[in-house]
Every structure is written in C-alpha cells, then in structure tokens.
$ cat entry14.cif   # mmCIF, C-alpha atoms
data_protein
loop_
_atom_site.label_atom_id
_atom_site.label_comp_id
_atom_site.auth_asym_id
_atom_site.auth_seq_id
_atom_site.Cartn_x
_atom_site.Cartn_y
_atom_site.Cartn_z
CA MET A 1 76.74 116.45 80.32
CA LYS A 2 75.94 112.83 81.06
CA ARG A 3 72.59 111.13 80.65
CA VAL A 4 71.44 109.39 83.83
CA SER A 5 68.38 107.33 84.47
CA MET A 6 67.24 106.20 87.88
CA THR A 7 64.11 105.15 89.68
CA VAL A 8 63.24 107.52 92.49
CA ASN A 9 60.36 106.54 94.78
CA GLY A 10 59.16 104.14 92.13
CA VAL A 11 59.16 106.71 89.32
CA ARG A 12 61.66 106.48 86.51
CA HIS A 13 63.58 109.71 85.80
CA GLU A 14 65.97 110.50 82.97
CA ALA A 15 68.01 113.67 82.89
CA ASP A 16 71.24 115.23 81.69
CA VAL A 17 73.58 116.13 84.53
CA GLU A 18 77.08 117.50 84.88
CA SER A 19 79.51 114.82 86.04
CA ARG A 20 80.15 116.80 89.20
CA THR A 21 76.48 117.08 90.21
CA LEU A 22 76.00 115.53 93.62
CA LEU A 23 73.10 113.14 94.03
CA VAL A 24 71.57 115.28 96.79
CA HIS A 25 71.51 118.31 94.51
CA PHE A 26 70.02 116.27 91.68
CA ILE A 27 67.27 115.08 94.04
CA ARG A 28 66.56 118.52 95.51
CA GLU A 29 67.01 120.80 92.53
CA GLN A 30 66.27 118.74 89.46
CA LEU A 31 63.60 116.44 90.87
CA GLU A 32 62.40 119.09 93.35
CA LEU A 33 62.22 116.56 96.17
CA THR A 34 63.36 118.85 98.96
CA GLY A 35 62.66 116.52 101.88
CA THR A 36 66.27 115.35 101.68
CA ASN A 37 68.32 118.01 103.45
CA VAL A 38 71.90 119.18 103.11
CA GLY A 39 73.35 119.61 106.57
CA CYS A 40 77.09 119.45 107.11
CA ASP A 41 77.87 118.85 103.43
CA THR A 42 80.82 116.65 104.46
CA SER A 43 79.24 113.18 104.91
CA SER A 44 79.18 113.53 108.69
CA CYS A 45 75.67 114.57 109.75
CA GLY A 46 73.40 112.21 107.83
CA ALA A 47 70.68 114.79 107.00
CA CYS A 48 71.01 113.81 103.33
CA THR A 49 70.54 110.06 103.97
CA ILE A 50 68.54 108.23 101.32
CA LEU A 51 68.25 104.60 100.32
CA MET A 52 70.16 103.55 97.24
CA ASN A 53 69.32 100.02 96.14
CA GLY A 54 67.90 99.48 99.62
CA GLN A 55 70.94 100.64 101.61
CA SER A 56 71.24 103.91 103.48
CA VAL A 57 73.83 106.25 101.95
CA LYS A 58 74.76 109.90 102.32
CA SER A 59 73.65 111.51 99.08
CA CYS A 60 76.03 114.46 99.53
CA THR A 61 78.90 112.04 98.90
CA VAL A 62 77.53 110.27 95.85
CA LEU A 63 77.66 111.67 92.33
CA ALA A 64 74.40 111.64 90.43
CA VAL A 65 76.20 109.75 87.66
CA GLN A 66 77.14 107.03 90.15
CA ALA A 67 73.43 106.47 90.80
CA ASP A 68 72.74 105.81 87.13
CA GLY A 69 70.55 102.72 87.01
CA ALA A 70 69.92 102.71 90.77
CA ALA A 71 66.68 102.53 92.71
CA VAL A 72 66.55 105.50 95.08
CA THR A 73 64.11 106.08 97.94
CA THR A 74 63.79 109.46 99.61
CA VAL A 75 61.61 110.48 102.54
CA GLU A 76 58.87 111.43 100.07
CA GLY A 77 58.72 107.77 99.04
CA LEU A 78 57.98 106.38 102.52
CA ALA A 79 54.24 106.98 102.69
CA SER A 80 52.04 104.95 100.39
CA ASN A 81 48.49 105.80 99.33
CA GLY A 82 48.36 108.56 101.90
CA ASP A 83 49.33 106.24 104.77
CA TRP A 84 52.45 107.06 106.69
CA HIS A 85 55.22 104.50 106.92
CA PRO A 86 55.41 102.91 110.41
CA VAL A 87 58.68 104.80 111.00
CA GLN A 88 57.00 108.11 110.18
CA LYS A 89 54.08 107.25 112.48
CA ALA A 90 56.44 106.27 115.28
CA PHE A 91 58.44 109.51 114.99
CA HIS A 92 55.15 111.43 115.21
CA GLU A 93 53.76 109.49 118.14
CA ASN A 94 57.01 109.45 120.13
CA HIS A 95 57.88 113.06 119.41
CA GLY A 96 61.06 111.91 117.70
CA LEU A 97 61.96 115.40 116.57
CA GLN A 98 62.27 118.96 117.67
CA CYS A 99 63.31 121.26 114.80
CA GLY A 100 62.86 118.47 112.27
CA PHE A 101 65.93 119.16 110.15
CA CYS A 102 67.63 115.82 110.81
CA THR A 103 64.34 113.89 110.69
CA PRO A 104 64.25 112.81 107.04
CA GLY A 105 67.79 111.44 107.32
CA MET A 106 67.05 109.80 110.68
CA MET A 107 63.99 108.10 109.24
CA MET A 108 65.77 106.90 106.11
CA ALA A 109 68.67 105.51 108.17
CA ALA A 110 66.10 103.80 110.43
CA VAL A 111 64.11 102.33 107.53
CA GLY A 112 67.30 100.95 105.97
CA TYR A 113 68.43 99.48 109.27
CA LEU A 114 65.10 97.89 110.23
CA ASP A 115 65.08 96.14 106.91
CA GLU A 116 68.39 94.54 107.88
CA ASN A 117 67.55 93.98 111.55
CA PRO A 118 63.79 94.01 112.20
CA ALA A 119 64.06 93.45 115.98
CA PRO A 120 66.94 95.56 117.28
CA THR A 121 67.90 96.32 120.85
CA GLU A 122 68.15 99.91 122.05
CA GLU A 123 71.93 99.75 121.84
CA GLU A 124 71.79 98.45 118.28
CA VAL A 125 69.48 101.32 117.29
CA ARG A 126 71.88 103.84 118.79
CA LEU A 127 74.78 102.32 116.85
CA ALA A 128 72.71 102.18 113.66
CA LEU A 129 72.03 105.93 113.95
CA GLU A 130 75.69 106.72 114.59
CA GLY A 131 75.92 108.54 111.27
CA ASN A 132 72.99 110.86 111.94
CA LEU A 133 73.38 113.93 114.10
CA CYS A 134 70.55 115.72 115.91
CA ARG A 135 71.64 119.12 117.22
CA CYS A 136 68.46 119.58 119.27
CA THR A 137 69.83 116.62 121.29
CA GLY A 138 66.63 114.67 120.82
CA TYR A 139 68.22 111.25 120.51
CA HIS A 140 66.22 109.76 123.35
CA ASN A 141 62.87 110.06 121.57
CA ILE A 142 64.39 109.23 118.20
CA VAL A 143 65.62 105.91 119.57
CA LYS A 144 62.23 105.34 121.22
CA ALA A 145 60.54 106.01 117.89
CA VAL A 146 62.72 103.52 116.01
CA LEU A 147 62.09 100.82 118.64
CA ALA A 148 58.34 101.54 118.48
CA ALA A 149 58.43 101.31 114.69
CA ALA A 150 60.22 97.95 114.94
CA ASP A 151 57.50 96.69 117.29
CA ASP A 152 54.79 98.00 115.00
CA MET A 153 56.32 96.46 111.89
CA GLY A 154 56.94 93.14 113.64
CA SER A 155 53.41 92.77 114.97
CA MET B 1 80.72 122.53 98.02
CA ILE B 2 80.79 121.14 94.54
CA PRO B 3 83.88 119.56 92.96
CA ALA B 4 85.69 121.27 90.11
CA SER B 5 84.63 120.00 86.68
CA PHE B 6 85.94 116.65 85.50
CA ASP B 7 85.20 114.10 82.84
CA TYR B 8 83.51 110.90 83.90
CA GLU B 9 83.51 107.49 82.27
CA ARG B 10 81.97 104.32 83.58
CA ALA B 11 84.09 101.26 82.80
CA SER B 12 82.37 98.02 81.89
CA SER B 13 85.47 95.87 82.27
CA LEU B 14 88.82 96.03 84.02
CA ASP B 15 90.59 96.26 80.66
CA GLU B 16 88.43 99.18 79.62
CA ALA B 17 89.10 100.90 82.95
CA LEU B 18 92.86 100.48 82.50
CA SER B 19 92.82 101.89 78.98
CA LEU B 20 90.62 104.83 80.02
CA LEU B 21 93.05 105.58 82.83
CA ALA B 22 95.98 105.34 80.42
CA GLN B 23 94.30 107.75 78.02
CA GLY B 24 93.50 110.13 80.88
CA GLY B 25 97.13 110.36 81.95
CA GLU B 26 98.39 111.22 85.40
CA ASP B 27 95.34 113.32 86.36
CA ALA B 28 92.92 110.44 85.82
CA ARG B 29 91.74 108.56 88.89
CA PRO B 30 89.67 105.44 89.45
CA LEU B 31 86.42 105.97 91.37
CA ALA B 32 84.65 103.30 93.40
CA GLY B 33 82.57 104.28 96.44
CA GLY B 34 84.13 107.72 96.37
CA HIS B 35 84.14 108.10 100.14
CA SER B 36 87.79 109.14 100.28
CA LEU B 37 88.09 110.85 96.90
CA LEU B 38 84.84 112.84 96.67
CA PRO B 39 85.31 114.68 99.99
CA LEU B 40 88.81 115.71 98.85
CA MET B 41 87.44 116.84 95.49
CA ARG B 42 84.71 118.85 97.18
CA LEU B 43 87.36 120.66 99.21
CA ARG B 44 89.30 121.10 95.95
CA LEU B 45 92.23 119.31 97.56
CA ALA B 46 92.04 116.88 94.64
CA ARG B 47 91.20 117.96 91.10
CA PRO B 48 91.35 114.94 88.82
CA SER B 49 90.59 115.67 85.17
CA LEU B 50 88.95 112.29 84.62
CA LEU B 51 87.20 109.84 86.92
CA VAL B 52 86.97 106.28 85.69
CA ASP B 53 84.09 104.69 87.59
CA ILE B 54 84.98 101.07 88.34
CA GLY B 55 82.01 100.69 90.73
CA GLY B 56 80.18 98.35 88.36
CA LEU B 57 82.98 95.79 87.93
CA GLU B 58 81.42 92.84 89.73
CA GLU B 59 84.59 90.74 89.33
CA LEU B 60 86.29 93.06 91.84
CA ARG B 61 83.63 92.51 94.50
CA GLY B 62 83.34 89.80 97.12
CA VAL B 63 85.18 87.76 99.72
CA ARG B 64 86.36 84.21 99.14
CA SER B 65 88.36 81.68 101.04
CA ASP B 66 91.39 80.31 99.16
CA GLY B 67 93.28 77.70 101.17
CA ASP B 68 95.13 79.42 104.01
CA SER B 69 94.17 82.86 102.73
CA VAL B 70 91.14 85.04 102.23
CA VAL B 71 90.90 87.02 99.01
CA ILE B 72 88.87 90.23 99.15
CA GLY B 73 87.96 92.15 96.01
CA ALA B 74 88.70 95.87 95.97
CA LEU B 75 85.05 96.86 95.57
CA THR B 76 83.92 94.97 98.65
CA THR B 77 82.36 97.55 100.95
CA HIS B 78 83.32 98.00 104.58
CA HIS B 79 79.82 96.77 105.43
CA GLU B 80 80.45 93.55 103.49
CA VAL B 81 83.92 93.05 104.99
CA ALA B 82 82.47 93.56 108.48
CA GLY B 83 80.04 90.71 107.89
CA ALA B 84 82.34 88.31 106.02
CA SER B 85 82.24 84.86 107.63
CA GLU B 86 85.35 83.85 105.63
CA LEU B 87 87.48 86.10 107.85
CA THR B 88 88.35 83.55 110.52
CA GLY B 89 91.31 83.36 112.92
CA GLY B 90 93.61 86.37 112.94
CA SER B 91 92.15 87.62 109.68
CA GLY B 92 88.98 88.43 111.62
CA LEU B 93 90.88 91.61 112.45
CA LEU B 94 89.77 93.03 109.09
CA ALA B 95 86.09 92.52 109.93
CA THR B 96 86.59 94.17 113.32
CA VAL B 97 88.34 97.14 111.74
CA ALA B 98 85.81 97.50 108.92
CA GLU B 99 82.96 97.55 111.42
CA GLY B 100 84.53 100.55 113.14
CA ILE B 101 85.00 102.70 110.03
CA GLY B 102 82.80 105.79 109.79
CA ASP B 103 79.13 105.00 110.23
CA PRO B 104 76.64 102.63 108.56
CA GLN B 105 76.03 104.90 105.57
CA VAL B 106 79.76 105.34 104.98
CA ARG B 107 80.31 101.59 105.33
CA HIS B 108 77.63 100.95 102.70
CA ARG B 109 79.58 102.97 100.11
CA GLY B 110 83.22 102.98 101.16
CA THR B 111 85.32 100.16 99.75
CA LEU B 112 88.33 98.20 100.96
CA GLY B 113 90.27 98.91 97.76
CA GLY B 114 89.51 102.61 97.88
CA SER B 115 90.69 102.88 101.45
CA VAL B 116 93.88 100.97 100.62
CA ALA B 117 94.61 103.01 97.49
CA HIS B 118 94.00 106.28 99.35
CA ALA B 119 96.83 105.37 101.79
CA ASP B 120 95.74 107.81 104.47
CA PRO B 121 98.09 107.35 107.46
CA ALA B 122 95.10 107.94 109.78
CA SER B 123 92.87 105.32 108.22
CA ASP B 124 92.45 102.02 110.03
CA LEU B 125 92.63 99.33 107.35
CA PRO B 126 96.27 99.84 106.28
CA ALA B 127 97.65 99.03 109.75
CA ALA B 128 95.44 95.94 109.89
CA LEU B 129 96.69 94.76 106.49
CA LEU B 130 100.27 95.35 107.61
CA ALA B 131 99.74 93.39 110.83
CA LEU B 132 98.28 90.49 108.83
CA ASP B 133 101.12 90.39 106.26
CA ALA B 134 98.53 90.96 103.55
CA GLU B 135 99.33 91.38 99.89
CA VAL B 136 97.76 94.10 97.77
CA THR B 137 96.99 93.04 94.21
CA LEU B 138 97.26 95.57 91.41
CA ALA B 139 96.29 95.49 87.76
CA GLY B 140 97.97 97.60 85.11
CA ARG B 141 98.24 97.56 81.37
CA ASP B 142 101.28 95.27 81.72
CA GLY B 143 99.35 92.73 83.78
CA GLU B 144 98.82 91.97 87.43
CA ARG B 145 101.25 92.05 90.32
CA SER B 146 101.10 91.82 94.07
CA VAL B 147 102.88 93.96 96.59
CA ALA B 148 103.29 93.16 100.28
CA ALA B 149 101.43 95.64 102.49
CA ALA B 150 104.81 96.49 104.05
CA ASP B 151 106.00 97.76 100.66
CA PHE B 152 102.68 99.16 99.43
CA PHE B 153 102.33 102.14 101.76
CA VAL B 154 105.26 104.43 101.04
CA GLY B 155 104.20 107.77 102.54
CA PRO B 156 101.19 109.89 103.48
CA PHE B 157 98.61 109.35 100.71
CA MET B 158 101.34 107.66 98.65
CA SER B 159 101.46 104.03 97.64
CA ALA B 160 103.46 101.74 95.39
CA ALA B 161 100.60 101.78 92.85
CA ALA B 162 101.84 103.40 89.65
CA ASP B 163 99.81 105.89 87.62
CA GLY B 164 97.22 103.95 85.69
CA GLU B 165 97.26 100.95 88.03
CA ILE B 166 94.14 99.84 89.87
CA VAL B 167 94.04 98.10 93.25
CA THR B 168 92.04 94.95 92.54
CA GLY B 169 92.01 93.43 96.01
CA VAL B 170 93.95 92.01 98.91
CA ARG B 171 95.05 88.53 99.92
CA VAL B 172 95.17 87.97 103.67
CA PRO B 173 96.60 84.95 105.51
CA LYS B 174 93.92 83.51 107.80
CA ARG B 175 96.24 82.84 110.71
CA GLU B 176 93.95 80.17 112.13
CA GLY B 177 94.07 79.93 115.88
CA TRP B 178 95.34 83.47 116.32
CA GLY B 179 93.29 86.17 118.01
CA SER B 180 93.07 89.79 117.02
CA ALA B 181 91.90 93.19 118.23
CA TYR B 182 91.91 96.80 117.09
CA ARG B 183 91.88 99.70 119.50
CA LYS B 184 91.82 103.32 118.45
CA PHE B 185 91.61 106.59 120.28
CA GLN B 186 89.66 109.48 118.90
CA ARG B 187 88.24 112.63 120.48
CA ARG B 188 84.80 112.23 118.91
CA ALA B 189 83.10 109.10 117.62
CA GLN B 190 83.49 109.93 113.94
CA ASP B 191 87.02 111.33 114.05
CA TRP B 192 90.07 109.72 112.49
CA ALA B 193 92.15 107.75 114.95
CA ILE B 194 94.73 109.86 116.73
CA VAL B 195 96.45 106.53 117.26
CA GLY B 196 95.19 103.07 116.35
CA VAL B 197 96.66 99.69 117.25
CA ALA B 198 96.04 96.40 115.48
CA ALA B 199 97.21 93.33 117.38
CA VAL B 200 97.32 89.76 116.08
CA VAL B 201 98.34 87.31 118.77
CA ASN B 202 99.00 83.59 119.00
CA TRP B 203 98.13 82.75 122.59
CA THR B 204 99.05 79.33 123.93
CA GLU B 205 99.00 77.82 127.39
CA ASP B 206 102.58 79.02 127.81
CA GLY B 207 101.64 82.60 127.01
CA ILE B 208 102.19 84.56 123.83
CA ALA B 209 103.85 82.45 121.13
CA GLY B 210 103.76 85.18 118.51
CA ALA B 211 102.43 88.71 118.18
CA VAL B 212 102.26 91.26 115.40
CA ILE B 213 101.48 94.92 115.96
CA GLY B 214 100.29 97.37 113.31
CA LEU B 215 100.11 101.07 114.18
CA THR B 216 97.81 103.70 112.67
CA ASN B 217 98.78 107.38 112.55
CA MET B 218 102.14 106.93 114.29
CA GLY B 219 103.99 108.00 111.12
CA GLY B 220 103.47 108.74 107.45
CA THR B 221 102.66 105.10 106.78
CA PRO B 222 101.24 102.32 108.93
CA LEU B 223 104.05 100.90 111.06
CA ARG B 224 105.02 97.64 112.69
CA ALA B 225 106.51 97.71 116.17
CA PRO B 226 109.30 95.09 116.01
CA GLY B 227 110.67 95.87 119.48
CA VAL B 228 107.25 95.36 121.04
CA GLU B 229 106.64 92.18 119.06
CA ALA B 230 109.95 90.67 120.19
CA ALA B 231 109.34 91.62 123.81
CA LEU B 232 105.86 90.09 123.75
CA ALA B 233 107.19 86.63 122.92
CA GLY B 234 106.65 84.43 125.95
CA ALA B 235 104.69 87.06 127.89
CA SER B 236 101.91 85.56 129.95
CA GLU B 237 101.09 88.22 132.52
CA LYS B 238 99.73 91.72 132.38
CA ALA B 239 102.92 93.28 133.73
CA GLN B 240 104.96 91.63 130.96
CA ILE B 241 102.59 92.89 128.30
CA LEU B 242 102.77 96.40 129.73
CA ALA B 243 106.56 96.24 129.75
CA ALA B 244 106.61 95.00 126.16
CA ALA B 245 104.23 97.79 125.09
CA SER B 246 106.67 100.38 126.44
CA LYS B 247 109.15 99.31 123.74
CA VAL B 248 107.05 101.37 121.31
CA SER B 249 109.25 104.28 122.38
CA GLU B 250 112.06 102.69 120.32
CA LEU B 251 110.23 103.72 117.14
CA GLU B 252 111.02 106.91 115.31
CA THR B 253 109.33 109.87 117.04
CA PRO B 254 105.72 110.02 115.87
CA PRO B 255 104.37 113.22 114.29
CA ALA B 256 102.80 116.03 116.32
CA ASP B 257 99.68 117.81 115.08
CA GLU B 258 96.69 119.73 116.44
CA ASN B 259 95.32 116.55 117.99
CA ALA B 260 98.36 115.24 119.80
CA SER B 261 101.99 115.92 120.59
CA SER B 262 104.57 113.25 119.82
CA GLU B 263 104.80 112.35 123.50
CA TYR B 264 101.03 111.97 123.78
CA ARG B 265 100.96 109.73 120.68
CA LEU B 266 103.63 107.51 122.25
CA HIS B 267 101.65 107.36 125.48
CA LEU B 268 98.46 106.44 123.61
CA ALA B 269 100.27 103.81 121.57
CA GLN B 270 101.65 102.17 124.68
CA VAL B 271 98.29 102.04 126.44
CA LEU B 272 96.42 100.86 123.35
CA ILE B 273 99.01 98.20 122.52
CA ALA B 274 98.62 96.69 125.97
CA ARG B 275 94.82 96.70 125.69
CA ALA B 276 94.76 95.37 122.13
CA VAL B 277 97.23 92.58 122.89
CA ALA B 278 95.32 91.53 125.99
CA GLU B 279 92.07 91.47 124.04
CA ALA B 280 93.63 89.61 121.12
CA ALA B 281 95.12 87.03 123.49
CA GLY B 282 91.63 86.52 124.87
CA CYS B 283 93.11 86.12 128.30
CA PRO B 284 90.61 86.93 131.03
CA GLY B 285 91.82 89.31 133.67
CA MET B 286 94.32 90.99 131.35
CA GLN B 287 91.86 93.10 129.46
CA ARG B 288 91.57 95.97 131.89
CA ASP B 289 94.27 98.22 133.22
#

$ encode --input "entry14.cif" --output "structure tokens"
Amino acid sequence: MKRVSMTVNGVRHEADVESRTLLVHFIREQLELTGTNVGCDTSSCGACTILMNGQSVKSCTVLAVQADGAAVTTVEGLASNGDWHPVQKAFHENHGLQCGFCTPGMMMAAVGYLDENPAPTEEEVRLALEGNLCRCTGYHNIVKAVLAAADDMGS
Amino acid sequence: MIPASFDYERASSLDEALSLLAQGGEDARPLAGGHSLLPLMRLRLARPSLLVDIGGLEELRGVRSDGDSVVIGALTTHHEVAGASELTGGSGLLATVAEGIGDPQVRHRGTLGGSVAHADPASDLPAALLALDAEVTLAGRDGERSVAAADFFVGPFMSAAADGEIVTGVRVPKREGWGSAYRKFQRRAQDWAIVGVAAVVNWTEDGIAGAVIGLTNMGGTPLRAPGVEAALAGASEKAQILAAASKVSELETPPADENASSEYRLHLAQVLIARAVAEAAGCPGMQRD
C-alpha cells in the first residue's frame, strides 16, 4: 500500500491505496464521489474526465499514486455555495444532455477548456470536446451549452 | 480493468530513477504520463513488476532552442509540444503532429518521451522524428548517449534503449526555411493511423530543393522513402509530385492487417505523400488532388 494525499474539490484527503488503484476508482469508491463515471474504461470516451492541476485528464488512465500531491476537481466541485457553475447552468438551460451519462465528463472538459480559451468559436468547442463521446448523439446542444457558458462567463 | 499488481516508486532525481530501475531488473519500467503503458497494463499485455515514476523530474520537462536545434525534454506533454513557439521551420512538424495525437485530455498527460520509448509503429511522433533527423537522448547508469532516430526504432515496440535506460529527450534540427506537413488516414477520429506521412520540404522558386519523407505504420518501424525523396528533387508541378509519390512502391511490402491490405496501404501512402508534400511546400494550387 502507498500513502497518497491530494486535494479534491478543495478538501485535503489522505489514504492508503494499492499502487494499481486507478484514480477514477479512488474518487468513486474511496471518496464516494460518484459523479465521475466510468464509461469505456479505455481512455476513449471521456466520461471519467476530471481536472488535475487545472487540466482535463481521463481519470481511468491515471494511477491514484500519480495524483499524489495534486489538486483534483470533479463535477461535485463545480458548484459553489449552492450556486451552479456557469457551465452547469448552460447545460441545463440548453438541454445539453439526454441520458446524462457523459455529462460530468463533458462539463469537466468544457470547464478546463474555457479556462484556456474563454472565447472559443463553435469549431474550437467541437475540437475541444473531441475526447468526449455522447452516445445519445446530443452534440449539438452540448456545443450550444459550452458557447452559452463562455458568453455567460465573459459577460 | 485493473492492472496486475506491481510495486511503485516515485523518483526524485534522474540518478535515483536509474538506480531504482537497475534494482528492479528487466521487469521494471519507467512511468511518465502512462498513456501508452497503463492501457497495456490494464489489458494485461504488459505486466511490469516495478514502475518507477519519473513524472516529477522537472529537469526532463520543457522545450528550449539551442542554436540550430530545438531540445525537448522527455516529460514535455503533447499539449506543450503542440504549443511550443521554439519549433520553427521544418521542426514545426513536431507541433503539428503533437496537436493531432489523441484528444485534449490525452495530450495533457501523454509525453513525447513516453511515445518515443513505446516505439509503436502506428504512433505518429516516431515518423516525424525520423523525417527531421532527430536524435533521441538516453540516460543510463553508465552516462548519457544519443542515438539517431533512424537507429533508435528497431522493431514494433522495440527500441535501441537498453534495459534500465531512460529516454531523456530529443534534439531536433530546426531546418529554418523548410515547410512541413503531416497527413494520416484513420477510419475514426481517435483511431491509430492506418498510414501516416510526415513531409519536410525545402521549397524554392525553382521547385523542391530537398524533401524528406517519414512514414507511419508502413512497417515495423517508422520508415523513410528514399526513392520518393530522390524523385521529388526539382519537382515543381503537381504531376511531378504525384509521379514521385508513386516511388513509394519501391519500399518493402507494407504489412496487412484488419484495417488494410498491403496494396491499400501503398495506395494510401502514395496519396498522402502527394498531399503532405504539396502542403509542406506551401505551393498554392498543388494542395488538392
């Protein structure tokens, strides 16, 4: 077992983990933050996307021990004081989801990207979400939501 | 899928990493972003007994200009390579290629050195390094050495790195004034290239004064196409570039797999060479078939 310590959604956690524990399993099973989903389990679908030190990563392809010392944000960390994050609001208002399974990963990828590029074009948003798959085929409203969130955050 | 059990150590210096690897023996592997190794471990196609995490070694990260070359540390992520302003001239090829690897999340974690060390014949960076005459730098317990990209990739998933050696970075000639392009063909956006073509071209008013071609997934290692390169010299029109591209058939027959027959790979290579060369030459009117 290895001792890891990381800040998740602003809260410091310390725990013993097996070396082979994947970050997504640590988040879901040990911290009981189940908003981060496991989809394809092969770093393709993006359902497990979180922010690690501010950058979007696929937590199914990171070992928990690799995140030792890192600052992690999951979908549970987006809202603050009961207020939704602009990206959450925009997904709600633009119906940026159908079944909702890909949504946490979509939103985390979007939050990470908007931090890097606060005023993207539609094409840039589509490229930025290249690593997130929606099997309901709801991309149209997802892209609309991200553009609306960018407007909201910029104004 | 969870990997088989392994020991894990985080190295705090390159020396420590090298001695941990030496202690771990032939089943010990360095770990950086883990975006090549962890998927293999999860499929149990790789079962290292020890992972030595070099991800925290800041001295192996970053891009710097050094005279006529650019030096890129092994831990530099694809995202960082894609945005590196130091990659000017022909060496800009590396930024183009890095930008097309995987997706943003993968590019945030995956590293140049990891991709090089993995030596996957279907991965894009090796052909680009070959086309740029890059050198791969390695550190071992006996010191550092560099190996030309042409000698580094020796077979599918096999490189000239010895057990216990760590890829520390690459040195790439800038090739100022040269243009570059990378074209790959894949069935779906996230797939590995069925064939990829890196082209680095010196275009002058008299046409092509020099061209280098690196091929992805046309063999067990990245390949150059000497016949094509020779035939491109002096070419200034689309028809000449197309004719030169056809010389790719002089190469050893490429492999066949579930994605493509050998003939189809040759066809793709020819088409993509012509497109990549035209784009790299930056010659208007030659970029479309």

$ closest_residue --input "entry14.cif" --among "A:Ala15, A:Met106, A:Gly96, A:Ser155" --to "A:Gly138" --atoms "only C-alpha atoms"
A:Gly96

$ closest_residue --input "entry14.cif" --among "A:Ala47, A:Ile142, A:Leu31, A:Leu78" --to "chain B" --atoms "all atoms listed in the file"
A:Ala47

$ closest_residue --input "entry14.cif" --among "B:Ser36, B:Thr77, B:Ser5, B:Ser65" --to "A:Gln55" --atoms "only C-alpha atoms"
B:Thr77

$ resolve_selection --input "entry14.cif" --expression "the PyMOL selection byres ((chain B) within 7 of (chain A))" --output "PyMOL selection string"
chain B and resi 2-3+5-8+35+38-39+103-106+108-109

$ closest_residue --input "entry14.cif" --among "B:Thr76, B:Thr88, B:Gln23, B:Ser49" --to "B:Lys174" --atoms "only C-alpha atoms"
B:Thr88

$ closest_residue --input "entry14.cif" --among "A:Ala79, A:Ala70, A:Cys45, A:Lys144" --to "A:Glu123" --atoms "all atoms listed in the file"
A:Lys144

$ resolve_selection --input "entry14.cif" --expression "the PyMOL selection byres ((chain A and resi 146) around 9)" --output "ChimeraX atom specification"
/A:87,90-91,96,107,110-111,114,122,125,141-145,147-151

$ write_last_selection --input "entry14.cif" --atoms "C-alpha atoms" --output "tab-separated table (two decimals), keeping the file's coordinate frame"
chain	number	residue	atom	x	y	z
A	87	VAL	CA	58.68	104.80	111.00
A	90	ALA	CA	56.44	106.27	115.28
A	91	PHE	CA	58.44	109.51	114.99
A	96	GLY	CA	61.06	111.91	117.70
A	107	MET	CA	63.99	108.10	109.24
A	110	ALA	CA	66.10	103.80	110.43
A	111	VAL	CA	64.11	102.33	107.53
A	114	LEU	CA	65.10	97.89	110.23
A	122	GLU	CA	68.15	99.91	122.05
A	125	VAL	CA	69.48	101.32	117.29
A	141	ASN	CA	62.87	110.06	121.57
A	142	ILE	CA	64.39	109.23	118.20
A	143	VAL	CA	65.62	105.91	119.57
A	144	LYS	CA	62.23	105.34	121.22
A	145	ALA	CA	60.54	106.01	117.89
A	147	LEU	CA	62.09	100.82	118.64
A	148	ALA	CA	58.34	101.54	118.48
A	149	ALA	CA	58.43	101.31	114.69
A	150	ALA	CA	60.22	97.95	114.94
A	151	ASP	CA	57.50	96.69	117.29

$ resolve_selection --input "entry14.cif" --expression "the PyMOL selection byres ((chain A and resi 14) around 8)" --output "list in words"
Arg3, Val4, Ser5, Met6, Arg12, His13, Ala15 and Asp16 of chain A

$ residues_around --input "entry14.cif" --residues "stretch 118-120 of chain B" --least-positions-apart "3" --cutoff "7 Å" --atoms "only C-alpha atoms" --output "list in words"
Ser36, Gly114, Ser115, Ser123, Phe153, Pro156, Phe157, Met158 and Ser159 of chain B

$ axis_aligned_box --input "entry14.cif" --around "stretch 16-27 of chain A" --padding-each-side "5 Å" --output "lines of an AutoDock Vina configuration file"
center_x = 73.7
center_y = 115.7
center_z = 89.2
size_x = 22.9
size_y = 15.2
size_z = 25.1

$ closest_residue --input "entry14.cif" --among "B:Ala239, B:Ala128, B:Ala274, B:Ala117" --to "B:Glu165" --atoms "only C-alpha atoms"
B:Ala117

$ atom_distance --input "entry14.cif" --atom1 "atom CA of B:Leu45" --atom2 "atom CA of B:Met1"
12.0 Å

$ residues_around --input "entry14.cif" --residues "B:Arg265" --least-positions-apart "3" --cutoff "8 Å" --atoms "only C-alpha atoms" --output "MDAnalysis selection string"
chainID B and resid 194:195 218 254 256 260:262 268:269

$ build_atoms --input "entry14.cif" --residues "stretch 4-17 of chain A" --atoms "N, CA and C atoms" --output "CSV table (one decimal), in the frame of the given file"
chain,number,residue,atom,x,y,z
A,4,VAL,N,71.6,110.4,82.8
A,4,VAL,CA,71.4,109.4,83.8
A,4,VAL,C,70.0,109.0,83.9
A,5,SER,N,69.8,107.8,84.3
A,5,SER,CA,68.4,107.3,84.5
A,5,SER,C,68.3,106.6,85.8
A,6,MET,N,67.4,106.9,86.6
A,6,MET,CA,67.2,106.2,87.9
A,6,MET,C,65.8,106.2,88.3
A,7,THR,N,65.5,105.2,89.1
A,7,THR,CA,64.1,105.2,89.7
A,7,THR,C,64.1,105.8,91.1
A,8,VAL,N,63.3,106.8,91.2
A,8,VAL,CA,63.2,107.5,92.5
A,8,VAL,C,61.8,107.4,93.0
A,9,ASN,N,61.7,106.8,94.2
A,9,ASN,CA,60.4,106.5,94.8
A,9,ASN,C,59.4,105.9,93.8
A,10,GLY,N,60.0,104.9,93.0
A,10,GLY,CA,59.2,104.1,92.1
A,10,GLY,C,58.9,104.8,90.8
A,11,VAL,N,59.4,106.0,90.6
A,11,VAL,CA,59.2,106.7,89.3
A,11,VAL,C,60.5,106.8,88.6
A,12,ARG,N,60.4,106.4,87.3
A,12,ARG,CA,61.7,106.5,86.5
A,12,ARG,C,61.9,107.9,86.0
A,13,HIS,N,63.2,108.4,86.2
A,13,HIS,CA,63.6,109.7,85.8
A,13,HIS,C,64.8,109.6,84.9
A,14,GLU,N,64.8,110.4,83.8
A,14,GLU,CA,66.0,110.5,83.0
A,14,GLU,C,66.3,112.0,82.9
A,15,ALA,N,67.6,112.3,82.9
A,15,ALA,CA,68.0,113.7,82.9
A,15,ALA,C,69.5,113.8,82.5
A,16,ASP,N,69.8,114.9,82.0
A,16,ASP,CA,71.2,115.2,81.7
A,16,ASP,C,71.8,116.0,82.9
A,17,VAL,N,72.9,115.5,83.4
A,17,VAL,CA,73.6,116.1,84.5
A,17,VAL,C,75.1,116.4,84.2
